[in-house]
Amino acid sequence: MKGMIEISIDVNTGGLEEIFSKYPAEAKKMIQDEFSRWARGTANKAKKRAPYRTGNLARSIMGMKTESGATASANVEYAKYVESPPLGVPMKRKMTRTQYLYNSAMEELDEMIARLNERIADYFDMKK
């Protein structure tokens with residue numbers, strides 16, 4: 001879609017795939033669950049932060065699990081103009097913009113990492 005903006009997390013990024021390949025299946029499931037939770041949480045926060053004129057932008061925001069991670073996106077033509085960089089496009093004219101998707105994704109990422117650290121530590125403590 002032409003104007004859509006998207007932010008994703010993916011286990012195939014960098015060295016994550018190699019690290020996760022050494023984890024037991026239960027730990028991989030935890031990671032996949034947390035990625036899905038990140039996407040839903042990001043979408044919910046972004047919907048609340050999105051500027052509201054008609055509600056169309058907020059309704060277009062979705063979070064979903066992908067094959068190797070998760071993604072959150074705003075799916076209307078003008079989404080990239082409302083979001084400021086780094087997800088949105090640079091603008092030459094003065095316009096009120098907000099990082100509704102980016103800020104939501106970064107907040108959820110911090111929360112996801114904390115939950116994952118705790119869940120994985122608990123998992124490996126139980127296995128001892």
# chains A, B, ... in the order shown; residues from 1 in each chain; ligands from 1
>>> residues_around(residues="range 60-67 of chain A", least_positions_apart="4", cutoff="10 Å", atoms="only C-alpha atoms", output="short mmCIF file (atom, residue, chain, number, x, y, z; two decimals) with C-alpha atoms, in the first residue's frame")
data_model
loop_
_atom_site.label_atom_id
_atom_site.label_comp_id
_atom_site.auth_asym_id
_atom_site.auth_seq_id
_atom_site.Cartn_x
_atom_site.Cartn_y
_atom_site.Cartn_z
CA MET A 4 1.30 2.71 4.69
CA ILE A 5 3.96 2.80 7.39
CA GLU A 6 5.17 -0.28 9.20
CA ILE A 7 7.53 -1.29 11.98
CA SER A 8 8.56 -4.90 12.52
CA ILE A 9 10.57 -7.17 14.75
CA ASP A 10 11.95 -10.34 13.25
CA VAL A 11 14.06 -13.23 14.53
CA GLN A 32 6.88 -15.81 19.53
CA ASP A 33 4.15 -15.08 22.10
CA GLU A 34 5.96 -11.95 23.24
CA PHE A 35 6.45 -10.76 19.65
CA SER A 36 2.69 -11.11 19.10
CA ARG A 37 2.00 -9.27 22.35
CA TRP A 38 4.39 -6.51 21.21
CA ALA A 39 2.45 -6.08 17.96
CA ARG A 40 -0.95 -5.93 19.68
CA GLY A 41 0.33 -3.58 22.39
CA THR A 42 1.99 -1.31 19.84
CA ALA A 43 -1.21 -1.12 17.79
CA ASN A 44 -3.36 -0.38 20.85
CA LYS A 45 -1.06 2.40 22.08
CA ALA A 46 -0.69 3.87 18.58
CA LYS A 47 -4.48 3.97 18.13
CA ALA A 50 -2.95 8.83 16.59
CA GLY A 55 -10.90 8.18 13.25
CA ASN A 56 -9.83 6.59 9.96
CA THR A 71 4.58 -6.16 12.66
CA ALA A 72 2.55 -3.07 13.51
CA SER A 73 1.32 -0.79 10.75
CA ALA A 74 -0.92 2.13 9.86
CA ASN A 75 -2.69 1.35 6.61
CA VAL A 76 -4.05 4.57 5.19
CA ALA A 79 -0.13 7.64 7.46
CA LEU A 101 3.46 4.42 15.85
#
>>> select_by_dssp(residues="chain A", states="strand (DSSP E)", output="list in words")
Ile5, Glu6, Ile7, Ser8, Ile9, Asp10, Ile61, Met62, Gly63, Met64, Lys65, Gly69, Ala70, Thr71, Ala72, Ser73 and Ala74 of chain A
>>> atom_distance(atom1="CA of Pro85 in chain A", atom2="CA of Gln99 in chain A")
7.6 Å
>>> closest_residue(among="A:Glu26, A:Asp125, A:Glu83, A:Glu77", to="Asn103 in chain A", atoms="only C-alpha atoms")
A:Glu83
>>> select_by_dssp(residues="chain A", states="alpha helix (DSSP H)", output="PyMOL selection string")
chain A and resi 16-21+25-49+56-60+79-82+100-127
